[in-house]
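Structure file coords.tsv; described as TSV, C-alpha atoms.
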chain	number	residue	atom	x	y	z
A	1	MET	CA	-5.34	-60.19	17.40
A	2	LYS	CA	-7.69	-57.33	18.31
A	3	LYS	CA	-4.81	-55.48	20.01
A	4	ILE	CA	-2.66	-55.81	16.87
A	5	ILE	CA	-5.45	-54.44	14.68
A	6	LEU	CA	-6.04	-51.53	17.09
A	7	ILE	CA	-2.31	-50.69	17.16
A	8	PHE	CA	-2.21	-50.84	13.36
A	9	ILE	CA	-5.14	-48.41	13.03
A	10	VAL	CA	-3.58	-45.96	15.50
A	11	CYS	CA	-0.23	-46.08	13.73
A	12	THR	CA	-1.79	-45.22	10.40
A	13	PHE	CA	-2.74	-41.77	11.75
A	14	PHE	CA	0.94	-41.04	12.35
A	15	LEU	CA	1.77	-42.02	8.78
A	16	VAL	CA	-0.81	-39.75	7.15
A	17	GLY	CA	0.64	-36.62	5.53
A	18	CYS	CA	-0.63	-33.74	3.38
A	19	TRP	CA	-0.47	-34.91	-0.22
A	20	ASP	CA	-0.50	-31.35	-1.54
A	21	GLU	CA	1.72	-29.76	1.12
A	22	ARG	CA	3.88	-26.89	-0.12
A	23	LEU	CA	6.25	-25.17	2.27
A	24	TYR	CA	6.49	-21.37	2.21
A	25	LYS	CA	10.27	-21.61	2.06
A	26	ASP	CA	9.89	-23.23	-1.37
A	27	VAL	CA	7.33	-20.82	-2.90
A	28	THR	CA	6.67	-17.11	-3.31
A	29	ILE	CA	3.11	-15.79	-3.00
A	30	VAL	CA	1.55	-14.14	-6.08
A	31	PRO	CA	-1.26	-11.75	-5.04
A	32	ILE	CA	-1.70	-10.08	-8.47
A	33	MET	CA	-1.58	-11.53	-11.97
A	34	GLY	CA	-2.04	-9.74	-15.27
A	35	TYR	CA	-2.49	-11.07	-18.80
A	36	ASP	CA	-2.13	-9.58	-22.25
A	37	GLY	CA	-2.03	-11.03	-25.75
A	38	GLU	CA	-4.20	-13.30	-27.86
A	39	PRO	CA	-4.88	-17.05	-28.21
A	40	GLY	CA	-1.60	-18.85	-28.85
A	41	LYS	CA	0.50	-15.85	-27.80
A	42	TRP	CA	-0.02	-14.87	-24.17
A	43	THR	CA	2.07	-12.69	-21.88
A	44	GLY	CA	1.66	-13.05	-18.14
A	45	TYR	CA	2.71	-10.59	-15.43
A	46	PHE	CA	3.14	-11.94	-11.90
A	47	SER	CA	3.62	-9.70	-8.88
A	48	HIS	CA	5.36	-11.77	-6.20
A	49	ALA	CA	6.56	-11.13	-2.67
A	50	VAL	CA	10.24	-10.45	-2.03
A	51	VAL	CA	11.47	-10.64	1.57
A	52	ALA	CA	14.50	-8.37	1.92
A	53	ALA	CA	14.57	-8.65	5.72
A	54	PRO	CA	12.41	-10.31	8.42
A	55	ASP	CA	10.31	-7.13	8.75
A	56	SER	CA	10.54	-5.87	5.15
A	57	ILE	CA	8.41	-7.18	2.28
A	58	SER	CA	8.21	-5.70	-1.19
A	59	PHE	CA	6.74	-6.88	-4.48
A	60	SER	CA	8.48	-7.47	-7.77
A	61	THR	CA	6.99	-8.35	-11.17
A	62	VAL	CA	8.19	-11.11	-13.45
A	63	GLU	CA	6.95	-11.75	-17.00
A	64	GLY	CA	6.39	-14.98	-18.86
A	65	SER	CA	5.02	-15.95	-22.25
A	66	GLY	CA	3.48	-19.02	-23.83
A	67	VAL	CA	0.74	-20.48	-25.98
A	68	SER	CA	-1.54	-20.78	-22.94
A	69	ILE	CA	-2.14	-18.99	-19.66
A	70	GLU	CA	-0.51	-21.81	-17.71
A	71	GLU	CA	2.56	-21.98	-19.97
A	72	ALA	CA	3.05	-18.22	-19.46
A	73	ARG	CA	3.14	-18.83	-15.70
A	74	LEU	CA	5.56	-21.73	-16.05
A	75	ASP	CA	7.81	-19.60	-18.24
A	76	ALA	CA	7.83	-16.87	-15.57
A	77	ASN	CA	8.42	-19.54	-12.93
A	78	ARG	CA	11.79	-20.35	-14.50
A	79	LYS	CA	12.93	-16.75	-13.99
A	80	VAL	CA	12.62	-16.64	-10.19
A	81	SER	CA	14.42	-18.52	-7.45
A	82	GLU	CA	11.22	-19.77	-5.80
A	83	SER	CA	8.12	-21.33	-7.32
A	84	LEU	CA	5.32	-18.85	-8.08
A	85	ASP	CA	2.29	-19.80	-5.98
A	86	PRO	CA	-1.02	-18.27	-7.28
A	87	SER	CA	-3.15	-19.90	-4.56
A	88	GLN	CA	-3.47	-16.56	-2.72
A	89	VAL	CA	-4.11	-14.33	-5.75
A	90	LEU	CA	-6.47	-11.40	-5.07
A	91	VAL	CA	-6.86	-9.84	-8.52
A	92	VAL	CA	-6.43	-11.10	-12.09
A	93	LEU	CA	-6.02	-8.14	-14.45
A	94	LEU	CA	-7.03	-8.53	-18.09
A	95	THR	CA	-6.40	-6.22	-21.03
A	96	THR	CA	-9.38	-5.56	-23.31
A	97	GLU	CA	-7.84	-7.93	-25.89
A	98	VAL	CA	-7.84	-10.77	-23.37
A	99	ALA	CA	-11.40	-9.92	-22.28
A	100	LYS	CA	-12.57	-10.28	-25.89
A	101	THR	CA	-11.70	-13.99	-25.79
A	102	ASN	CA	-13.87	-16.68	-24.23
A	103	LEU	CA	-12.71	-16.45	-20.60
A	104	MET	CA	-13.95	-19.95	-19.82
A	105	GLU	CA	-11.57	-21.33	-22.45
A	106	THR	CA	-8.70	-18.90	-21.86
A	107	PHE	CA	-8.68	-19.51	-18.10
A	108	ASP	CA	-9.61	-23.16	-18.21
A	109	VAL	CA	-6.71	-23.91	-15.85
A	110	ALA	CA	-8.22	-21.64	-13.17
A	111	TYR	CA	-11.31	-23.86	-12.96
A	112	ARG	CA	-9.43	-27.17	-12.99
A	113	MET	CA	-6.51	-26.72	-10.61
A	114	PRO	CA	-7.49	-27.52	-6.99
A	115	ARG	CA	-5.25	-24.77	-5.60
A	116	THR	CA	-7.03	-21.98	-7.50
A	117	ARG	CA	-8.48	-19.24	-5.32
A	118	LEU	CA	-12.02	-18.87	-6.66
A	119	SER	CA	-12.64	-15.80	-4.50
A	120	SER	CA	-10.19	-13.69	-6.55
A	121	ARG	CA	-11.52	-11.11	-9.02
A	122	PHE	CA	-11.31	-10.66	-12.77
A	123	VAL	CA	-10.70	-6.98	-13.66
A	124	VAL	CA	-10.48	-5.41	-17.13
A	125	VAL	CA	-7.92	-2.63	-17.62
A	126	GLU	CA	-7.54	0.06	-20.27
A	127	GLY	CA	-4.34	0.09	-22.33
A	128	ASP	CA	-1.10	-1.82	-21.74
A	129	MET	CA	-0.74	-4.13	-18.75
A	130	ALA	CA	2.77	-3.20	-17.55
A	131	PRO	CA	1.89	0.14	-15.83
A	132	TYR	CA	-0.81	-1.58	-13.75
A	133	MET	CA	1.81	-3.87	-12.20
A	134	GLU	CA	3.95	-1.01	-10.89
A	135	LYS	CA	3.61	0.59	-7.47
A	136	THR	CA	3.91	4.36	-7.19
A	137	GLU	CA	4.45	6.50	-4.09
A	138	ILE	CA	1.04	8.13	-4.55
A	139	MET	CA	-0.67	4.80	-3.75
A	140	GLY	CA	0.58	4.97	-0.16
A	141	LYS	CA	0.38	1.21	0.30
A	142	MET	CA	1.47	-2.08	-1.22
A	143	LEU	CA	0.13	-2.79	-4.71
A	144	PRO	CA	-2.03	-5.80	-3.68
A	145	ASP	CA	-3.62	-3.81	-0.84
A	146	TYR	CA	-4.24	-0.86	-3.15
A	147	TYR	CA	-6.20	-2.96	-5.65
A	148	ASP	CA	-8.03	-5.01	-3.03
A	149	GLU	CA	-9.18	-2.01	-0.99
A	150	ASN	CA	-10.13	0.12	-4.02
A	151	LEU	CA	-12.29	-2.66	-5.47
A	152	LYS	CA	-13.97	-3.30	-2.12
A	153	THR	CA	-14.75	0.42	-1.78
A	154	ALA	CA	-16.19	0.52	-5.31
A	155	ALA	CA	-18.45	-2.46	-4.56
A	156	PHE	CA	-19.44	-0.87	-1.23
A	157	SER	CA	-20.48	2.27	-3.15
A	158	SER	CA	-22.45	0.26	-5.75
A	159	ILE	CA	-20.09	1.19	-8.60
A	160	ILE	CA	-19.12	-2.40	-9.38
A	161	PRO	CA	-20.91	-5.66	-8.59
A	162	GLU	CA	-19.77	-8.00	-5.86
A	163	GLY	CA	-18.27	-11.04	-7.51
A	164	ASP	CA	-15.34	-13.38	-7.98
A	165	ILE	CA	-14.05	-15.71	-10.69
A	166	GLN	CA	-16.42	-18.45	-9.53
A	167	LEU	CA	-19.45	-16.18	-10.05
A	168	ALA	CA	-17.95	-15.01	-13.35
A	169	ALA	CA	-17.98	-18.61	-14.59
A	170	ARG	CA	-21.62	-19.05	-13.57
A	171	LEU	CA	-22.66	-15.90	-15.43
A	172	LEU	CA	-20.64	-16.82	-18.52
A	173	LEU	CA	-22.45	-20.16	-18.65
A	174	ASP	CA	-25.89	-18.60	-18.05
A	175	GLU	CA	-27.59	-17.75	-21.35
A	176	ALA	CA	-30.11	-15.43	-19.66
A	177	ILE	CA	-27.76	-12.88	-18.11
A	178	ASP	CA	-24.45	-11.31	-19.15
A	179	LEU	CA	-21.29	-10.73	-17.18
A	180	GLN	CA	-19.99	-7.32	-16.14
A	181	LEU	CA	-16.50	-6.85	-14.75
A	182	PRO	CA	-14.81	-3.93	-12.96
A	183	TYR	CA	-13.02	-1.61	-15.39
A	184	LEU	CA	-9.84	0.24	-14.43
A	185	LYS	CA	-7.95	3.00	-16.19
A	186	MET	CA	-5.01	5.24	-15.35
A	187	SER	CA	-6.01	8.52	-13.73
A	188	GLU	CA	-5.03	11.54	-15.81
A	189	THR	CA	-4.30	13.57	-12.66
A	190	THR	CA	-2.55	11.09	-10.35
A	191	GLY	CA	-1.25	8.49	-12.79
A	192	VAL	CA	-2.51	5.59	-10.68
A	193	PRO	CA	-5.20	3.02	-11.55
A	194	GLU	CA	-8.76	4.01	-10.67
A	195	VAL	CA	-12.14	2.30	-10.95
A	196	ALA	CA	-13.82	3.84	-14.00
A	197	GLY	CA	-16.98	1.71	-14.22
A	198	VAL	CA	-17.73	-1.72	-15.65
A	199	ALA	CA	-16.89	-3.60	-18.84
A	200	LEU	CA	-19.95	-5.17	-20.49
A	201	PHE	CA	-19.89	-8.70	-21.84
A	202	SER	CA	-22.16	-10.07	-24.55
A	203	ASP	CA	-22.59	-13.82	-24.34
A	204	LYS	CA	-19.09	-14.94	-23.33
A	205	VAL	CA	-16.86	-12.10	-24.57
A	206	PHE	CA	-16.23	-8.43	-23.85
A	207	SER	CA	-18.46	-6.34	-26.11
A	208	GLY	CA	-16.06	-3.41	-26.18
A	209	ASP	CA	-18.59	-1.19	-24.37
A	210	ILE	CA	-17.94	0.52	-21.03
A	211	LEU	CA	-20.32	2.09	-18.52
A	212	ASP	CA	-19.00	4.94	-16.38
A	213	THR	CA	-19.35	4.95	-12.60
A	214	LYS	CA	-22.83	6.51	-12.52
A	215	GLU	CA	-24.15	4.24	-15.28
A	216	SER	CA	-22.69	1.13	-13.69
A	217	MET	CA	-24.30	2.07	-10.36
A	218	ILE	CA	-27.66	2.26	-12.14
A	219	VAL	CA	-27.11	-1.27	-13.47
A	220	GLN	CA	-26.55	-2.57	-9.93
A	221	ILE	CA	-29.83	-0.93	-8.88
A	222	LEU	CA	-31.68	-2.32	-11.90
A	223	LYS	CA	-30.44	-5.76	-10.84
A	224	LYS	CA	-31.54	-4.95	-7.27
A	225	LYS	CA	-28.05	-5.83	-6.06
A	226	PRO	CA	-26.40	-2.54	-5.09
A	227	GLY	CA	-23.75	-2.22	-2.42
A	228	LYS	CA	-24.36	-0.68	0.99
A	229	TYR	CA	-24.52	2.87	-0.40
A	230	ALA	CA	-25.88	4.25	-3.67
A	231	MET	CA	-25.89	8.03	-4.09
A	232	PHE	CA	-27.00	10.36	-6.87
A	233	THR	CA	-26.26	14.05	-7.34
A	234	TYR	CA	-28.25	16.38	-9.60
A	235	GLU	CA	-28.58	20.13	-10.08
A	236	TRP	CA	-32.02	21.57	-9.37
A	237	GLU	CA	-32.98	24.97	-10.73
A	238	LYS	CA	-35.28	27.07	-8.58
A	239	GLU	CA	-36.04	30.78	-8.70
A	240	GLY	CA	-33.24	31.47	-11.15
A	241	LYS	CA	-30.60	29.69	-9.08
A	242	THR	CA	-29.07	26.21	-9.26
A	243	TYR	CA	-28.92	24.04	-6.14
A	244	PRO	CA	-27.01	20.71	-5.86
A	245	VAL	CA	-29.12	17.79	-4.71
A	246	THR	CA	-27.49	14.64	-3.32
A	247	VAL	CA	-29.63	11.70	-2.22
A	248	THR	CA	-28.93	8.19	-0.92
A	249	ILE	CA	-31.13	5.18	-1.58
A	250	VAL	CA	-32.77	3.88	1.59
A	251	THR	CA	-35.02	1.11	0.24
A	252	TYR	CA	-36.69	0.26	-3.04
A	253	ASN	CA	-38.67	-2.37	-4.87
A	254	LYS	CA	-39.08	-3.27	-8.52
A	255	LYS	CA	-41.89	-4.65	-10.64
A	256	TRP	CA	-41.40	-5.95	-14.16
A	257	ASP	CA	-44.32	-6.32	-16.55
A	258	ILE	CA	-43.15	-8.52	-19.45
A	259	GLN	CA	-45.34	-8.98	-22.50
A	260	ASP	CA	-44.74	-10.15	-26.10
A	261	SER	CA	-41.81	-7.91	-27.03
A	262	LYS	CA	-42.17	-5.25	-24.38
A	263	ILE	CA	-40.95	-4.80	-20.81
A	264	ASN	CA	-42.23	-2.12	-18.45
A	265	ALA	CA	-40.04	-1.89	-15.36
A	266	LEU	CA	-41.24	0.14	-12.37
A	267	TYR	CA	-38.84	1.07	-9.56
A	268	LYS	CA	-40.20	2.73	-6.42
A	269	ILE	CA	-37.24	4.19	-4.55
A	270	LYS	CA	-37.12	5.84	-1.14
A	271	PHE	CA	-34.34	8.38	-0.59
A	272	ASN	CA	-32.51	10.12	2.19
A	273	VAL	CA	-31.55	13.71	1.33
A	274	ASN	CA	-27.86	14.33	2.04
A	275	GLU	CA	-27.52	17.75	0.41
A	276	PHE	CA	-30.18	20.30	-0.53
A	277	ALA	CA	-29.19	23.93	0.08
A	278	TYR	CA	-32.60	25.27	-0.97
A	279	ASN	CA	-34.06	23.64	2.17
A	280	HIS	CA	-37.83	23.92	2.92
A	281	LEU	CA	-38.23	20.12	2.83
A	282	ASP	CA	-40.47	20.38	5.89
A	283	LYS	CA	-43.08	21.79	3.51
A	284	ASP	CA	-45.10	19.29	1.49
A	285	LYS	CA	-44.98	21.44	-1.64
A	286	SER	CA	-41.16	21.63	-1.73
A	287	ARG	CA	-40.81	17.94	-0.99
A	288	LYS	CA	-43.25	16.99	-3.75
A	289	GLU	CA	-41.42	19.25	-6.21
A	290	LEU	CA	-38.12	17.56	-5.35
A	291	GLU	CA	-39.67	14.08	-5.68
A	292	THR	CA	-41.06	14.97	-9.11
A	293	PHE	CA	-37.67	16.34	-10.19
A	294	LEU	CA	-35.80	13.23	-9.00
A	295	SER	CA	-38.34	10.89	-10.61
A	296	LYS	CA	-37.93	12.64	-13.96
A	297	GLU	CA	-34.11	12.73	-13.89
A	298	LEU	CA	-33.73	9.15	-12.68
A	299	THR	CA	-36.24	7.82	-15.20
A	300	LYS	CA	-34.27	9.50	-17.99
A	301	ASP	CA	-30.92	8.14	-16.76
A	302	PHE	CA	-32.22	4.61	-16.17
A	303	ASN	CA	-33.65	4.42	-19.69
A	304	GLU	CA	-30.42	5.73	-21.21
A	305	VAL	CA	-28.48	2.98	-19.44
A	306	VAL	CA	-30.90	0.30	-20.65
A	307	LYS	CA	-30.49	1.64	-24.18
A	308	LYS	CA	-26.70	1.32	-23.87
A	309	LEU	CA	-27.08	-2.25	-22.66
A	310	GLN	CA	-29.26	-3.06	-25.66
A	311	GLU	CA	-26.79	-1.48	-28.08
A	312	ALA	CA	-24.03	-3.60	-26.53
A	313	LYS	CA	-26.29	-6.70	-26.63
A	314	SER	CA	-25.46	-7.15	-22.96
A	315	ASP	CA	-28.24	-8.09	-20.57
A	316	ALA	CA	-26.25	-7.31	-17.43
A	317	VAL	CA	-29.52	-6.74	-15.52
A	318	GLY	CA	-30.83	-10.26	-16.07
A	319	PHE	CA	-34.17	-9.56	-17.75
A	320	GLY	CA	-33.60	-12.84	-19.58
A	321	ARG	CA	-33.91	-14.88	-16.41
A	322	SER	CA	-37.50	-13.78	-15.90
A	323	VAL	CA	-38.24	-14.22	-19.61
A	324	ARG	CA	-36.80	-17.75	-19.62
A	325	ALA	CA	-38.79	-18.70	-16.52
A	326	PHE	CA	-42.21	-17.22	-17.36
A	327	HIS	CA	-42.29	-16.30	-21.05
A	328	PRO	CA	-41.03	-19.29	-23.08
A	329	ARG	CA	-42.33	-17.97	-26.42
A	330	LEU	CA	-40.28	-14.80	-26.12
A	331	TRP	CA	-37.27	-16.77	-24.90
A	332	GLU	CA	-37.39	-19.19	-27.81
A	333	LYS	CA	-37.34	-16.48	-30.48
A	334	GLY	CA	-33.60	-16.91	-30.84
A	335	LYS	CA	-30.34	-16.09	-29.12
A	336	TRP	CA	-31.24	-14.01	-26.07
A	337	GLN	CA	-28.67	-11.25	-26.66
A	338	ASP	CA	-30.21	-10.58	-30.09
A	339	THR	CA	-33.77	-10.70	-28.75
A	340	PHE	CA	-32.87	-8.43	-25.83
A	341	SER	CA	-31.36	-5.80	-28.11
A	342	GLU	CA	-34.65	-5.46	-30.02
A	343	LEU	CA	-37.10	-5.37	-27.10
A	344	ASP	CA	-39.14	-2.28	-26.25
A	345	ILE	CA	-37.97	-1.67	-22.67
A	346	HIS	CA	-39.22	1.26	-20.65
A	347	VAL	CA	-38.16	2.04	-17.09
A	348	LYS	CA	-40.10	4.32	-14.77
A	349	VAL	CA	-38.71	5.56	-11.45
A	350	GLU	CA	-40.92	6.92	-8.69
A	351	ALA	CA	-38.88	8.76	-6.06
A	352	GLU	CA	-40.04	9.33	-2.49
A	353	ILE	CA	-38.24	11.42	0.13
A	354	THR	CA	-38.43	9.67	3.50
A	355	ARG	CA	-35.57	11.28	5.39
A	356	THR	CA	-34.65	14.94	5.10
A	357	GLY	CA	-31.78	15.20	7.58
A	358	ILE	CA	-31.41	16.29	11.20
A	359	LEU	CA	-32.77	19.79	10.49
A	360	ASN	CA	-36.12	20.79	8.95
Represent the supplied structure as structure tokens.
Amino acid sequence: MKKIILIFIVCTFFLVGCWDERLYKDVTIVPIMGYDGEPGKWTGYFSHAVVAAPDSISFSTVEGSGVSIEEARLDANRKVSESLDPSQVLVVLLTTEVAKTNLMETFDVAYRMPRTRLSSRFVVVEGDMAPYMEKTEIMGKMLPDYYDENLKTAAFSSIIPEGDIQLAARLLLDEAIDLQLPYLKMSETTGVPEVAGVALFSDKVFSGDILDTKESMIVQILKKKPGKYAMFTYEWEKEGKTYPVTVTIVTYNKKWDIQDSKINALYKIKFNVNEFAYNHLDKDKSRKELETFLSKELTKDFNEVVKKLQEAKSDAVGFGRSVRAFHPRLWEKGKWQDTFSELDIHVKVEAEITRTGILN
């Protein structure tokens, strides 16, 4: 009897299969999806792989429409010979009209289907969707690679935040911080998509406000979550001549002092000097002058960015998280986005030069 039971158990392993197995011969991979429209009337764009020969792969775009995001995909699915498989999607492009809807409701299917790739990115684009789904010779690479590498470079340079659609859902559900998504637009000189900054969300929808690349980098620093490199360039006037100054952040720390309806935020930042034609940084006087100049310019820019966030009612920095944790009276005044927009927030930056280059 024991032998029969043992044989039965062993045989069951040979009978087990993959319940969700999908063969590549039956599907076509979709690395990029784009959506346009409004609730009840969606248009989906799906870039899918086309194998012309064993060593030749290109990408074609098919469109579909429907009352929901999923129905738009199913409609497009009927127009191709193989089933569209979004399990390997890298980027989901959204027009500003789509971004102004509640993304948690619009993309409900993305958070329910087990084959969804949660490491893909939401990206907001300017204008019509169709041009963003077309490859041009200037790109020099396949469309999926172009988007993936450009977004990684932007995050590396602190222009956009690191994030995926899983993190986007967490931020949309968090009442104390607002979402920011990469923002793309067509370059006026090359005609190809380029990272132009970030799109600001207020509560769960796109506010309609955009920060440019420098402003969005400041937001990443205010959050204390920049990429590997964060550089600033200013023009310094000395002895009747203008000198460019380029510095890279080495290390920094922040301190927030939150009171009734006021926040004082202090950022002490250490810089490496990349470019400074005036030189003389081996002299204490010149170095102190440059530190004072950088502190003044950065303080001005940081405060201007905070003001833009308040006007957009978008707490992309996450001041609300500290308020919710340690200042319940301020938090309970009302909806955080409204409270945030009325706060007296002042940022002060203290710059320190720690590295001046390989020459004195």
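Comparing the minimum interatomic distances between Glu215 (chain A) and each of A:Trp256, A:Phe326, A:Tyr243, A:Phe302, counting only C-alpha atoms, we find that A:Phe302 sits nearest.
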Env of region 187-197 of chain A: 7 Å cut, atoms = only C-alpha atoms, seq-sep filter 5 positions within chain, self excluded. Answer as a list in words. Tyr132, Ile159, Ile160, Pro182, Ile210, Leu211, Asp212, Thr213 and Ser216 of chain A
At a cut-off of 8 Å from (4.2, -9.2, -17.8) in the coordinates of the file, what residues are picked up using all atoms listed in the file, written as a PDB file with C-alpha atoms, in the coordinates of the input?
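Dumped to result.pdb:
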ATOM      1  CA  GLY A  34      -2.040  -9.740 -15.270  1.00  0.00           C
ATOM      2  CA  TYR A  35      -2.490 -11.070 -18.800  1.00  0.00           C
ATOM      3  CA  ASP A  36      -2.130  -9.580 -22.250  1.00  0.00           C
ATOM      4  CA  THR A  43       2.070 -12.690 -21.880  1.00  0.00           C
ATOM      5  CA  GLY A  44       1.660 -13.050 -18.140  1.00  0.00           C
ATOM      6  CA  TYR A  45       2.710 -10.590 -15.430  1.00  0.00           C
ATOM      7  CA  PHE A  46       3.140 -11.940 -11.900  1.00  0.00           C
ATOM      8  CA  THR A  61       6.990  -8.350 -11.170  1.00  0.00           C
ATOM      9  CA  VAL A  62       8.190 -11.110 -13.450  1.00  0.00           C
ATOM     10  CA  GLU A  63       6.950 -11.750 -17.000  1.00  0.00           C
ATOM     11  CA  GLY A  64       6.390 -14.980 -18.860  1.00  0.00           C
ATOM     12  CA  MET A 129      -0.740  -4.130 -18.750  1.00  0.00           C
ATOM     13  CA  ALA A 130       2.770  -3.200 -17.550  1.00  0.00           C
TER      14      ALA A 130
END
Region 270-274 of chain A environment, 7 Å, only C-alpha atoms, sequence neighbours closer than 4 positions dropped, as an MDAnalysis selection string: chainID A and resid 246:252 351:357
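CA of Glu149 (chain A) is found 14.4 Å from CA of Gly163 (chain A).
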Could you tell me how far CA of Val347 (chain A) sits from CA of Thr299 (chain A), in Å to one decimal place? 6.4 Å
At what distance in Å, to one decimal, does CA of Glu162 (chain A) lie from CA of Ile269 (chain A)? 21.3 Å
Given the choices A:Asp257, A:Glu71, A:Asp209, A:Glu137, which gets closest to Ser314 (chain A) if the distance is worked out from all atoms listed in the file? A:Asp209
